[in-house]
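Chemist: Got a structure for you, questions after.
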Amino acid sequence: MKRKIAILAVLVLLVIINFSIWSYINNPLQLQPWTKTTMGVTYDPMRKQDTQTGNTYPSEAEMDSDLALLENKVHAVRTYSVLKGQHKIPELAAKHNLNTTVGAWIDGNLEKNRQEIETLIEVGRQNNPKIVRLMVGNEVLLRDDIPKEALIEYIREVKKRSWRPVSTSETWDVWLKNPDLVAEVDFIAVHILPYWEGIAADDAVDYVFDRFHAVQQAYPKKPIIITEVGWPSDGQPFKHATASISNQATFLREFLNRADAEKINYYIVEAFDQPWKKSIEGSAGAYWGIFNADRLPKYPMEGDVLTMPGWKNWAAGAAVFSMVLMGLFLFTRSTLKLPGVLFFGLIANLAASVIFWSASIGAQQYQTKLSILFWGLMLLMQVLAVVILLIESLEIAEVIWHRKTARSFKPLTPSADFKYPKVSLHLPIHNEPPMMVRKTLQALAKVDYPNIEVLVMDNNTKDPAVWEPVRDDCERLGPMFRFFHLENWPGFKAGAINHALEQTASDAEIIAVIDSDYVLSSDWLKCMVPYFDNENVGFVQSPQDYRDRDQSCFKSFCYWEYAGFFNIGMVQRNEYNAIIQHGTMTMIRKSALLEVGKWAEWCICEDSELGLRLYEAGYDSVYVKDSFGRGLMPDTMSGYMTQRFRWVYGAMQIIKGHWRSFLPTKKSPLTAAQRYYFIAGWLPWFSDALALLFATASLILTGIILTDPLHSELPANVFLLPTVGLFSFKILRGLWLYQARVPCSIWQSIGAALTGLSLTHTVARGTVQGLFTSGKPFMRTPKYERQGPLFTGLMTIRQELFLLILLGAGIAAMSSIDHFDNLSGRLWIAVLSVQAVPYIAALITLIISIAPNYGRKSKLLAEELDE
């Protein structure tokens with residue numbers, strides 16, 4: 001009870017700390033207040049659901065409601081068109097004591113231009129003293145919609161047919177380049193938008209006034225009005241300009257106070273957010289309003305500004321979610337020490353906050369059906385990434401801060417009166433070098449166990465020169481050895497050892513299986529068989545170990561990569577009776593094997609599948625991490641990849657065949673811990689598949705972004721956790737656990753991490769193919785395989801190289817474009833760079849595997865064969 005209270009106190013403390021971090025990040029901005037009435041705003045009456053190409057447009061009542069909202073907040077509004085009912089705006093604005101600068105939209109559609117001009121002149125002739133100016137076009141020359149001469153003709157026509165001041169709006173640089181246009185207008189209507197010029201927010205207001213004064217100095221006798229000035233509150237960064245509520249509020253308050261001091265006429269762009277502008281200006285185009293599209297103010301113009309007004313709701317959601325996660329994972333872990341609880345709780349809180357932070361970004365933006373689907377998929381992937389992160393965090397906590405339990409097994413010494421049950425040792429072989437198998441047989445002949453038979457099952461070896469020497473060796477070693485040569489035998493390895501089971505002596509009680517390359521310690525059976533005195537024990541497992549780690553740098557790295565699983569994962573799983581059975585160095589109770597239905601010939605990982613069936617039948621397992629036999633590792637990168645692909649593909653077959661057992665129901669024959677550890681053990685492989693999915697998505701998005709930078713948005717935030725975060729944690733976890741449990745140096749740990757990363761794509765392929773295909777044949781790991789030339793090796797990793805080249809090209813292209821010279825651009829490059837690391841690791845590992853080892857490998861190989 002005290003422990004649960006302590007855990008609860010830790011969890012509550014973590015939630016409080018997490019909430020405090022949210023509070024600190026969302027600390028109110030204390031800005032210079034704006035207490036006066038704003039001079040003017042640009043006004044487009046379009047609603048959230050409206051589009052420029054649609055047939056619906058705001059009603060008169062909706063426009064009147066908008067203008068009533070602006071009353072007493074601004075002195076004037078500026079419009080852009082007089083079609084689609086907008087010719088009524090000046091009259092409605094006058095009702096609310098608002099001046100109006102009326103605009104006509106001019107573009108390449110000459111027929112529509114004529115309608116705009118005629119309606120503008122008609123509105124300008126109204127007896128409405130609140131109409132103060134007429135505007136013919138908006139950034140017409142900037143867009144190059146019509147020739148300058150045509151625009152001037154429109155301006156002259158409106159001036160001739162109206163007595164009000166007339167101009168057109170252009171950016172500051174267009175005015176400086178076109179003094180002849182200046183001569184035609186009554187005033188200069190200038191746009192100064194530092195965001196679209198990539199100016200950092202801190203320098204933006206100074207930039208506005210510098211550009212204003214430049215135009216003023218160029219045309220000192222002409223009145224100047226800033227008809228567009230502002231900053232977006234959200235959207236994609238543009239060069240050094242970042243769109244955010246804090247930057248918008250800071251810019252507007254500083255500009256308004258300075259413009260008031262300098263007595264400048266201006267119109268803030270704009271009154272209300274216009275989501276339809278995304279299709280024209282990119283994501284930032286939707287967020288220039290001082291009110292959002294729902295007509296709610298984004299922040300007050302005086303007093304403190306909150307960048308995320310609803311942050312408390314998001315923080316509370318993250319807190320509840322983190323408590324649920326911690327409760328699910330921790331309250332069943334009675335053996336976990338309090339520092340482990342604290343560590344896991346910290347990770348859970350951070351992970352929950354990242355998910356809710358990402359969700360809050362999407363919730364504050366205007367979404368389409370397509371973007372909602374995109375955000376949903378991204379958040380789902382984040383949740384999957386968090387599950388993987390939490391499982392790996394719990395593994396760290398349990399390994400580092402775990403109390404010892406009764407399931408820590410050691411080799412046994414049989415008592416003097418111990419009755420040795422008969423062991424039938426099965427040795428399946430297929431096309432194996434006879435000299436290698438001879439070493440295995442010689443070691444078996446020296447096994448110190450009084451009651452044993454050895455059945456050597458040669459499975460479909462075609463060449464008599466390969467299998468006959470093995471047969472001869474068995475005959476030479478005596479009656480303890482029996483040799484079987486199986487021609488055209490079905491079922492691969494499982495089929496062979498099922499046949500061995502049929503040939504097993506009737507009085508045999510234990511079935512032992514080793515691979516053809518394993519040299520046994522003579523005491524293996526004596527030290528492990530006594531565990532079968534416990535009738536609940538269904539199988540006993542010893543670790544895979546290897547004797548050729550000194551042959552090359554490549555094999556040394558592979559050795560330590562294998563060692564991690566048998567010194568960390570298997571040890572921890574053994575605590576919960578949930579180990580993975582392997583097809584070598586394993587013993588099975590014969591009656592249990594027959595009870596559950598022999599070896600599965602449909603699965604290429606028949607060993608792991610059998611172990612799961614034994615658990616489902618209620619049997620226990622024993623794992624002793626002491627090494628009792630050593631085999632040979634793959635000689636080439638190709639062999640290394642093939643072996644891992646088989647393991648992964650077979651695991652996916654097992655999942656498909658036994659998925660009901662993993663459901664958290666009372667009908668499941670597995671314990672909760674067994675379900676957890678089998679799923680947790682396979683999730684890192686799903687993580688690699690998820691990484692491939694993210695890399696593919698990143699490449700597609702990068703291609704779209706490079707094709708159209710302005711209208712594309714970098715989703716760097718939602719990619720950070722599944723890529724950079726998960727990758728970084730994976731490396732940290734591996735190095736930490738290796739130093740805690742694996743007897744190797746830091747450099748050997750790094751080598752293991754390198755080779756493990758090099759298999760990322762192989763694991764991803766195995767996961768995807770295993771889930772969506774069936775019937776892959778058993779893939780033997782070749783022994784004494786000759787290393788091919790570099791080109792052959794490169795062809796082995798051709799898929800990895802292809803993805804690496806694409807990612808490298810994406811990084812180079814993103815780095816070369818000024819538009820992405822900002823935090824979002826650099827984060828996206830970081831995402832692509834991290835995604836490239838496993839493919840770089842594959843290339844480096846390949847080079848290491850074929851690099852010369854100064855004759856050492858050849859010498860050791862010769863010694864191995866001669867012994």
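How things are named: the first chain in the structure tokens is A, the next is B, and so on; residues count from 1 in each chain; ligands count from 1 in the order shown.
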Please identify every residue of segment 263-300 of chain A that has at least one atom no farther than 10 Å from an atom of segment 23-38 of chain A, counting only C-alpha atoms, and for each give the shortest atom pair and the distance in Å to one decimal, arranged by chain then increasing number, as a tab-separated table.
Modeler:
```
residue	atom	partner	partner_atom	distance
A:Tyr266	CA	A:Thr38	CA	8.9
A:Tyr267	CA	A:Thr38	CA	8.5
A:Ile268	CA	A:Thr38	CA	8.4
A:Pro300	CA	A:Pro33	CA	9.0
```
Chemist: Next, dump the selected residues to file, keeping only C-alpha atoms, as a tab-separated table (two decimals), in the first residue's frame.
Modeler:
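Saved file result17.tsv follows:
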```tsv
chain	number	residue	atom	x	y	z
A	266	TYR	CA	-2.81	53.22	-42.94
A	267	TYR	CA	-5.04	50.19	-43.35
A	268	ILE	CA	-4.18	47.04	-41.41
A	300	PRO	CA	-6.87	42.15	-26.91
```
Chemist: Output as JSON lines one row per residue of segment 495-560 of chain A within 12 Å of segment 753-771 of chain A: the closest atom pair and its distance in Å to one decimal place, counting only C-alpha atoms, sorted by chain and residue number ascending.
Modeler:
```
{"residue": "A:Cys553", "atom": "CA", "partner": "A:Thr755", "partner_atom": "CA", "distance": 11.0}
{"residue": "A:Phe554", "atom": "CA", "partner": "A:Thr755", "partner_atom": "CA", "distance": 8.4}
{"residue": "A:Lys555", "atom": "CA", "partner": "A:Thr755", "partner_atom": "CA", "distance": 9.8}
{"residue": "A:Ser556", "atom": "CA", "partner": "A:Thr755", "partner_atom": "CA", "distance": 10.1}
{"residue": "A:Phe557", "atom": "CA", "partner": "A:Thr755", "partner_atom": "CA", "distance": 6.5}
{"residue": "A:Cys558", "atom": "CA", "partner": "A:Thr755", "partner_atom": "CA", "distance": 6.4}
{"residue": "A:Tyr559", "atom": "CA", "partner": "A:Thr755", "partner_atom": "CA", "distance": 9.7}
{"residue": "A:Trp560", "atom": "CA", "partner": "A:Ala753", "partner_atom": "CA", "distance": 8.9}
```
Chemist: May I ask which of the residues A:Val215, A:Met39, A:Leu390, A:Ile152 is the closest one to Ala271 of chain A, counting only C-alpha atoms?
Modeler: A:Met39
Chemist: Record the distance separating atom CA of Lys148 of chain A and atom CA of Val208 of chain A, expressed in Å with one decimal.
Modeler: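 Result for atom CA of Lys148 of chain A versus atom CA of Val208 of chain A: 25.6 Å, one decimal.
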Chemist: Measuring between only C-alpha atoms, which one of A:Gly317, A:Leu806, A:Glu453, A:Val519 shows the shortest distance to Val437 of chain A?
Modeler: A:Val519
Chemist: Pick out the residues sitting within 7 Å of Tyr80 of chain A, and hand them over as a list in words; count only C-alpha atoms, and ignore anything fewer than 3 positions along from it in its own chain.
Modeler: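 Residues near the query, excluding close chain neighbours: Val102, Gly103, Ala104 and Trp105 of chain A.
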Chemist: Find the spatial neighbours of Ala494 of chain A, counting only C-alpha atoms, within a cut-off of 7 Å - ignore same-chain residues fewer than 2 positions away - and output them as a PDB file with all heavy atoms, in the first residue's frame.
Modeler:
```
ATOM      1  N   GLY A 491       8.273 -28.861 -45.968  1.00  0.00           N
ATOM      2  CA  GLY A 491       8.256 -28.248 -44.640  1.00  0.00           C
ATOM      3  C   GLY A 491       9.546 -27.615 -44.187  1.00  0.00           C
ATOM      4  O   GLY A 491       9.646 -27.144 -43.050  1.00  0.00           O
ATOM      5  N   PHE A 492      10.588 -27.620 -45.056  1.00  0.00           N
ATOM      6  CA  PHE A 492      11.855 -26.968 -44.716  1.00  0.00           C
ATOM      7  C   PHE A 492      12.419 -27.541 -43.410  1.00  0.00           C
ATOM      8  O   PHE A 492      12.321 -28.733 -43.162  1.00  0.00           O
ATOM      9  CB  PHE A 492      11.693 -25.449 -44.648  1.00  0.00           C
ATOM     10  CG  PHE A 492      11.059 -24.877 -45.884  1.00  0.00           C
ATOM     11  CD1 PHE A 492       9.740 -24.419 -45.868  1.00  0.00           C
ATOM     12  CD2 PHE A 492      11.749 -24.814 -47.082  1.00  0.00           C
ATOM     13  CE1 PHE A 492       9.149 -23.906 -47.004  1.00  0.00           C
ATOM     14  CE2 PHE A 492      11.178 -24.301 -48.230  1.00  0.00           C
ATOM     15  CZ  PHE A 492       9.864 -23.842 -48.187  1.00  0.00           C
ATOM     16  N   ALA A 496      11.836 -31.293 -41.452  1.00  0.00           N
ATOM     17  CA  ALA A 496      12.922 -32.224 -41.128  1.00  0.00           C
ATOM     18  C   ALA A 496      12.888 -32.636 -39.664  1.00  0.00           C
ATOM     19  O   ALA A 496      13.032 -33.820 -39.332  1.00  0.00           O
ATOM     20  CB  ALA A 496      14.265 -31.587 -41.480  1.00  0.00           C
ATOM     21  N   ILE A 497      12.707 -31.673 -38.766  1.00  0.00           N
ATOM     22  CA  ILE A 497      12.740 -32.038 -37.342  1.00  0.00           C
ATOM     23  C   ILE A 497      11.424 -32.673 -36.887  1.00  0.00           C
ATOM     24  O   ILE A 497      11.402 -33.380 -35.870  1.00  0.00           O
ATOM     25  CB  ILE A 497      13.125 -30.826 -36.455  1.00  0.00           C
ATOM     26  CG1 ILE A 497      12.289 -29.589 -36.780  1.00  0.00           C
ATOM     27  CG2 ILE A 497      14.607 -30.507 -36.600  1.00  0.00           C
ATOM     28  CD1 ILE A 497      12.668 -28.357 -35.955  1.00  0.00           C
ATOM     29  N   ASN A 498      10.357 -32.458 -37.647  1.00  0.00           N
ATOM     30  CA  ASN A 498       9.142 -33.236 -37.376  1.00  0.00           C
ATOM     31  C   ASN A 498       9.377 -34.707 -37.724  1.00  0.00           C
ATOM     32  O   ASN A 498       8.912 -35.617 -37.019  1.00  0.00           O
ATOM     33  CB  ASN A 498       7.955 -32.685 -38.165  1.00  0.00           C
ATOM     34  CG  ASN A 498       7.247 -31.551 -37.436  1.00  0.00           C
ATOM     35  OD1 ASN A 498       7.300 -31.467 -36.213  1.00  0.00           O
ATOM     36  ND2 ASN A 498       6.582 -30.694 -38.186  1.00  0.00           N
ATOM     37  N   TRP A 599       6.211 -29.204 -34.661  1.00  0.00           N
ATOM     38  CA  TRP A 599       6.734 -27.956 -35.209  1.00  0.00           C
ATOM     39  C   TRP A 599       5.825 -27.476 -36.358  1.00  0.00           C
ATOM     40  O   TRP A 599       5.353 -28.278 -37.154  1.00  0.00           O
ATOM     41  CB  TRP A 599       8.150 -28.146 -35.746  1.00  0.00           C
ATOM     42  CG  TRP A 599       9.146 -28.626 -34.729  1.00  0.00           C
ATOM     43  CD1 TRP A 599       9.445 -29.925 -34.454  1.00  0.00           C
ATOM     44  CD2 TRP A 599       9.930 -27.833 -33.848  1.00  0.00           C
ATOM     45  NE1 TRP A 599      10.397 -30.002 -33.460  1.00  0.00           N
ATOM     46  CE2 TRP A 599      10.716 -28.718 -33.067  1.00  0.00           C
ATOM     47  CE3 TRP A 599      10.078 -26.471 -33.635  1.00  0.00           C
ATOM     48  CZ2 TRP A 599      11.608 -28.279 -32.090  1.00  0.00           C
ATOM     49  CZ3 TRP A 599      10.970 -26.023 -32.667  1.00  0.00           C
ATOM     50  CH2 TRP A 599      11.716 -26.923 -31.912  1.00  0.00           C
ATOM     51  N   ALA A 600       5.617 -26.143 -36.448  1.00  0.00           N
ATOM     52  CA  ALA A 600       4.726 -25.571 -37.467  1.00  0.00           C
ATOM     53  C   ALA A 600       5.469 -25.430 -38.791  1.00  0.00           C
ATOM     54  O   ALA A 600       6.413 -24.644 -38.902  1.00  0.00           O
ATOM     55  CB  ALA A 600       4.204 -24.214 -37.014  1.00  0.00           C
ATOM     56  N   GLU A 601       5.053 -26.199 -39.794  1.00  0.00           N
ATOM     57  CA  GLU A 601       5.719 -26.144 -41.092  1.00  0.00           C
ATOM     58  C   GLU A 601       5.246 -24.971 -41.948  1.00  0.00           C
ATOM     59  O   GLU A 601       5.826 -24.693 -42.994  1.00  0.00           O
ATOM     60  CB  GLU A 601       5.498 -27.471 -41.833  1.00  0.00           C
ATOM     61  CG  GLU A 601       6.110 -28.659 -41.097  1.00  0.00           C
ATOM     62  CD  GLU A 601       5.912 -29.993 -41.808  1.00  0.00           C
ATOM     63  OE1 GLU A 601       5.598 -29.975 -43.022  1.00  0.00           O
ATOM     64  OE2 GLU A 601       6.070 -31.043 -41.151  1.00  0.00           O
ATOM     65  N   GLU A 606       9.657 -21.420 -37.009  1.00  0.00           N
ATOM     66  CA  GLU A 606       8.920 -22.475 -36.322  1.00  0.00           C
ATOM     67  C   GLU A 606       9.297 -22.574 -34.852  1.00  0.00           C
ATOM     68  O   GLU A 606       8.493 -23.003 -34.013  1.00  0.00           O
ATOM     69  CB  GLU A 606       9.155 -23.823 -37.017  1.00  0.00           C
ATOM     70  CG  GLU A 606      10.535 -24.458 -36.834  1.00  0.00           C
ATOM     71  CD  GLU A 606      11.658 -23.661 -37.491  1.00  0.00           C
ATOM     72  OE1 GLU A 606      11.426 -23.116 -38.582  1.00  0.00           O
ATOM     73  OE2 GLU A 606      12.755 -23.593 -36.907  1.00  0.00           O
TER      74      GLU A 606
END
```
Chemist: Could you give me, as an NGL selection string, the residues within 10 Å of Ile429 of chain A, counting only C-alpha atoms and dropping anything in the same chain fewer than 6 positions from it?
Modeler: :A and (437 or 456-461 or 467 or 470 or 485 or 493 or 496-497 or 514-517 or 780)
Chemist: Convert the current residue selection to file output with all heavy atoms, as a CSV table (one decimal), in the first residue's frame.
Modeler:
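Saved the output as again02.csv:
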```csv
chain,number,residue,atom,x,y,z
A,437,VAL,N,30.1,-29.2,-40.2
A,437,VAL,CA,29.3,-30.1,-39.4
A,437,VAL,C,30.1,-31.2,-38.6
A,437,VAL,O,29.7,-31.6,-37.5
A,437,VAL,CB,28.3,-30.9,-40.4
A,437,VAL,CG1,27.4,-31.8,-39.7
A,437,VAL,CG2,27.5,-29.9,-41.2
A,456,VAL,N,20.7,-36.8,-36.9
A,456,VAL,CA,21.2,-35.8,-37.9
A,456,VAL,C,20.2,-35.9,-39.1
A,456,VAL,O,20.2,-36.9,-39.8
A,456,VAL,CB,22.6,-36.1,-38.3
A,456,VAL,CG1,23.1,-35.0,-39.3
A,456,VAL,CG2,23.5,-36.1,-37.1
A,457,MET,N,19.5,-34.8,-39.4
A,457,MET,CA,18.5,-34.8,-40.4
A,457,MET,C,19.0,-33.9,-41.6
A,457,MET,O,18.9,-32.7,-41.5
A,457,MET,CB,17.2,-34.3,-39.9
A,457,MET,CG,16.7,-34.9,-38.5
A,457,MET,SD,16.6,-36.7,-38.6
A,457,MET,CE,15.2,-36.8,-39.8
A,458,ASP,N,19.5,-34.6,-42.6
A,458,ASP,CA,19.9,-33.8,-43.8
A,458,ASP,C,18.7,-33.6,-44.7
A,458,ASP,O,18.0,-34.5,-45.2
A,458,ASP,CB,21.0,-34.6,-44.6
A,458,ASP,CG,21.3,-33.8,-45.9
A,458,ASP,OD1,22.0,-32.8,-45.7
A,458,ASP,OD2,21.0,-34.3,-46.9
A,459,ASN,N,18.4,-32.3,-44.9
A,459,ASN,CA,17.1,-31.9,-45.5
A,459,ASN,C,17.4,-31.4,-46.9
A,459,ASN,O,17.8,-30.3,-47.1
A,459,ASN,CB,16.5,-30.8,-44.6
A,459,ASN,CG,15.2,-30.2,-45.2
A,459,ASN,OD1,14.6,-30.9,-46.0
A,459,ASN,ND2,15.0,-29.0,-44.9
A,460,ASN,N,17.1,-32.2,-47.9
A,460,ASN,CA,17.1,-31.8,-49.3
A,460,ASN,C,18.4,-31.3,-49.8
A,460,ASN,O,18.4,-30.4,-50.7
A,460,ASN,CB,16.0,-30.7,-49.5
A,460,ASN,CG,14.6,-31.3,-49.3
A,460,ASN,OD1,14.3,-32.4,-49.7
A,460,ASN,ND2,13.8,-30.5,-48.7
A,461,THR,N,19.5,-31.8,-49.3
A,461,THR,CA,20.8,-31.5,-49.9
A,461,THR,C,21.0,-32.3,-51.2
A,461,THR,O,20.9,-33.5,-51.2
A,461,THR,CB,22.0,-31.8,-48.9
A,461,THR,OG1,21.8,-31.0,-47.7
A,461,THR,CG2,23.3,-31.4,-49.6
A,467,TRP,N,26.5,-34.2,-48.5
A,467,TRP,CA,25.9,-34.9,-47.4
A,467,TRP,C,26.5,-36.2,-47.1
A,467,TRP,O,26.4,-36.7,-45.9
A,467,TRP,CB,24.4,-35.0,-47.6
A,467,TRP,CG,23.9,-35.9,-48.8
A,467,TRP,CD1,23.6,-35.5,-50.1
A,467,TRP,CD2,23.7,-37.3,-48.8
A,467,TRP,NE1,23.2,-36.5,-50.9
A,467,TRP,CE2,23.3,-37.7,-50.1
A,467,TRP,CE3,23.9,-38.3,-47.8
A,467,TRP,CZ2,23.0,-39.0,-50.5
A,467,TRP,CZ3,23.6,-39.6,-48.2
A,467,TRP,CH2,23.2,-39.9,-49.5
A,470,VAL,N,29.0,-36.3,-44.1
A,470,VAL,CA,28.3,-36.2,-42.8
A,470,VAL,C,27.8,-37.6,-42.4
A,470,VAL,O,27.9,-38.0,-41.2
A,470,VAL,CB,27.2,-35.2,-42.9
A,470,VAL,CG1,26.5,-35.1,-41.6
A,470,VAL,CG2,27.7,-33.8,-43.3
A,485,HIS,N,18.9,-38.9,-44.6
A,485,HIS,CA,19.0,-38.1,-45.7
A,485,HIS,C,17.6,-38.0,-46.4
A,485,HIS,O,17.0,-39.0,-46.8
A,485,HIS,CB,20.0,-38.6,-46.8
A,485,HIS,CG,20.0,-37.8,-48.0
A,485,HIS,ND1,20.3,-36.5,-48.1
A,485,HIS,CD2,19.6,-38.2,-49.3
A,485,HIS,CE1,20.2,-36.0,-49.4
A,485,HIS,NE2,19.8,-37.1,-50.1
A,493,LYS,N,13.0,-26.7,-42.6
A,493,LYS,CA,13.6,-27.2,-41.3
A,493,LYS,C,12.6,-27.8,-40.4
A,493,LYS,O,12.8,-28.9,-39.8
A,493,LYS,CB,14.3,-26.0,-40.6
A,493,LYS,CG,14.9,-26.4,-39.3
A,493,LYS,CD,15.5,-25.1,-38.6
A,493,LYS,CE,16.1,-25.5,-37.2
A,493,LYS,NZ,16.6,-24.3,-36.5
A,496,ALA,N,11.8,-31.3,-41.5
A,496,ALA,CA,12.9,-32.2,-41.1
A,496,ALA,C,12.9,-32.6,-39.7
A,496,ALA,O,13.0,-33.8,-39.3
A,496,ALA,CB,14.3,-31.6,-41.5
A,497,ILE,N,12.7,-31.7,-38.8
A,497,ILE,CA,12.7,-32.0,-37.3
A,497,ILE,C,11.4,-32.7,-36.9
A,497,ILE,O,11.4,-33.4,-35.9
A,497,ILE,CB,13.1,-30.8,-36.5
A,497,ILE,CG1,12.3,-29.6,-36.8
A,497,ILE,CG2,14.6,-30.5,-36.6
A,497,ILE,CD1,12.7,-28.4,-36.0
A,514,ILE,N,19.9,-28.1,-31.9
A,514,ILE,CA,21.0,-27.1,-32.2
A,514,ILE,C,21.2,-27.0,-33.7
A,514,ILE,O,20.7,-27.8,-34.4
A,514,ILE,CB,22.3,-27.5,-31.5
A,514,ILE,CG1,22.9,-28.8,-32.1
A,514,ILE,CG2,22.2,-27.7,-30.0
A,514,ILE,CD1,24.3,-29.1,-31.7
A,515,ASP,N,21.8,-25.9,-34.0
A,515,ASP,CA,22.1,-25.6,-35.5
A,515,ASP,C,23.3,-26.4,-35.9
A,515,ASP,O,24.2,-26.7,-35.0
A,515,ASP,CB,22.2,-24.1,-35.7
A,515,ASP,CG,20.9,-23.5,-35.9
A,515,ASP,OD1,19.8,-24.2,-36.0
A,515,ASP,OD2,20.8,-22.2,-35.8
A,516,SER,N,23.5,-26.6,-37.1
A,516,SER,CA,24.6,-27.4,-37.7
A,516,SER,C,26.0,-26.8,-37.4
A,516,SER,O,27.0,-27.5,-37.5
A,516,SER,CB,24.4,-27.6,-39.2
A,516,SER,OG,24.4,-26.4,-39.8
A,517,ASP,N,26.1,-25.5,-37.1
A,517,ASP,CA,27.4,-24.9,-36.9
A,517,ASP,C,27.7,-24.7,-35.4
A,517,ASP,O,28.8,-24.2,-35.1
A,517,ASP,CB,27.3,-23.5,-37.6
A,517,ASP,CG,26.2,-22.6,-37.0
A,517,ASP,OD1,25.1,-23.1,-36.8
A,517,ASP,OD2,26.4,-21.4,-36.8
A,780,ARG,N,17.7,-20.1,-45.5
A,780,ARG,CA,18.9,-20.6,-44.8
A,780,ARG,C,20.0,-19.5,-44.7
A,780,ARG,O,20.2,-18.8,-45.7
A,780,ARG,CB,19.4,-21.8,-45.5
A,780,ARG,CG,20.8,-22.3,-45.0
A,780,ARG,CD,21.3,-23.5,-45.8
A,780,ARG,NE,22.7,-23.7,-45.6
A,780,ARG,CZ,23.7,-23.2,-46.3
A,780,ARG,NH1,23.4,-22.3,-47.3
A,780,ARG,NH2,24.9,-23.4,-46.1
```
Chemist: Go through segment 169-281 of chain A and collect every residue that DSSP, computed from the backbone, puts in strand (DSSP E or B); the answer should be as a ChimeraX atom specification.
Modeler: /A:169-171,188-191,224-229,238,241,266-268,272
Chemist: Do you know which residues are at most 8 Å from segment 178-192 of chain A counting only C-alpha atoms, after dropping those on the same chain fewer than 2 positions away, and could you put them as a list in words?
Modeler: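 The contact residues come out as Ile152, Ile155, Arg156, Pro165, Val166, Ser167, Thr168, Ser169, Glu170, Thr171, Trp172, Val174, Trp175, Leu176, Pro194, Val208, Arg211, Phe212, Lys222, Pro223, Ile224, Ile225, Ile226, Thr227, Glu228 and Val229 of chain A.
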Chemist: Neighbours of Leu379 of chain A within 9 Å (only C-alpha atoms; same-chain residues fewer than 2 positions away dropped), as a PyMOL selection string?
Modeler: chain A and resi 355+358-359+374-377+381-384+718
Chemist: Here is a test: counting only C-alpha atoms, which residue of A:Ala578, A:Val454, A:Ile704, A:Val387 is nearest to Ala508 of chain A?
Modeler: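 Closest residue, counting only C-alpha atoms: A:Val454.
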Chemist: To test your reading of the structure, identify every residue in segment 558-661 of chain A that backbone DSSP assigns to helix (DSSP H, G or I), and report it as a ChimeraX atom specification.
Modeler: /A:558-574,590-596,606-616,637-661
Chemist: So the first atom is atom CA of Ser542 of chain A and the second is atom CA of Leu455 of chain A; what is the distance between them in Å, to one decimal place?
Modeler: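 According to the coordinates, atom CA of Ser542 of chain A and atom CA of Leu455 of chain A are separated by 20.0 Å.
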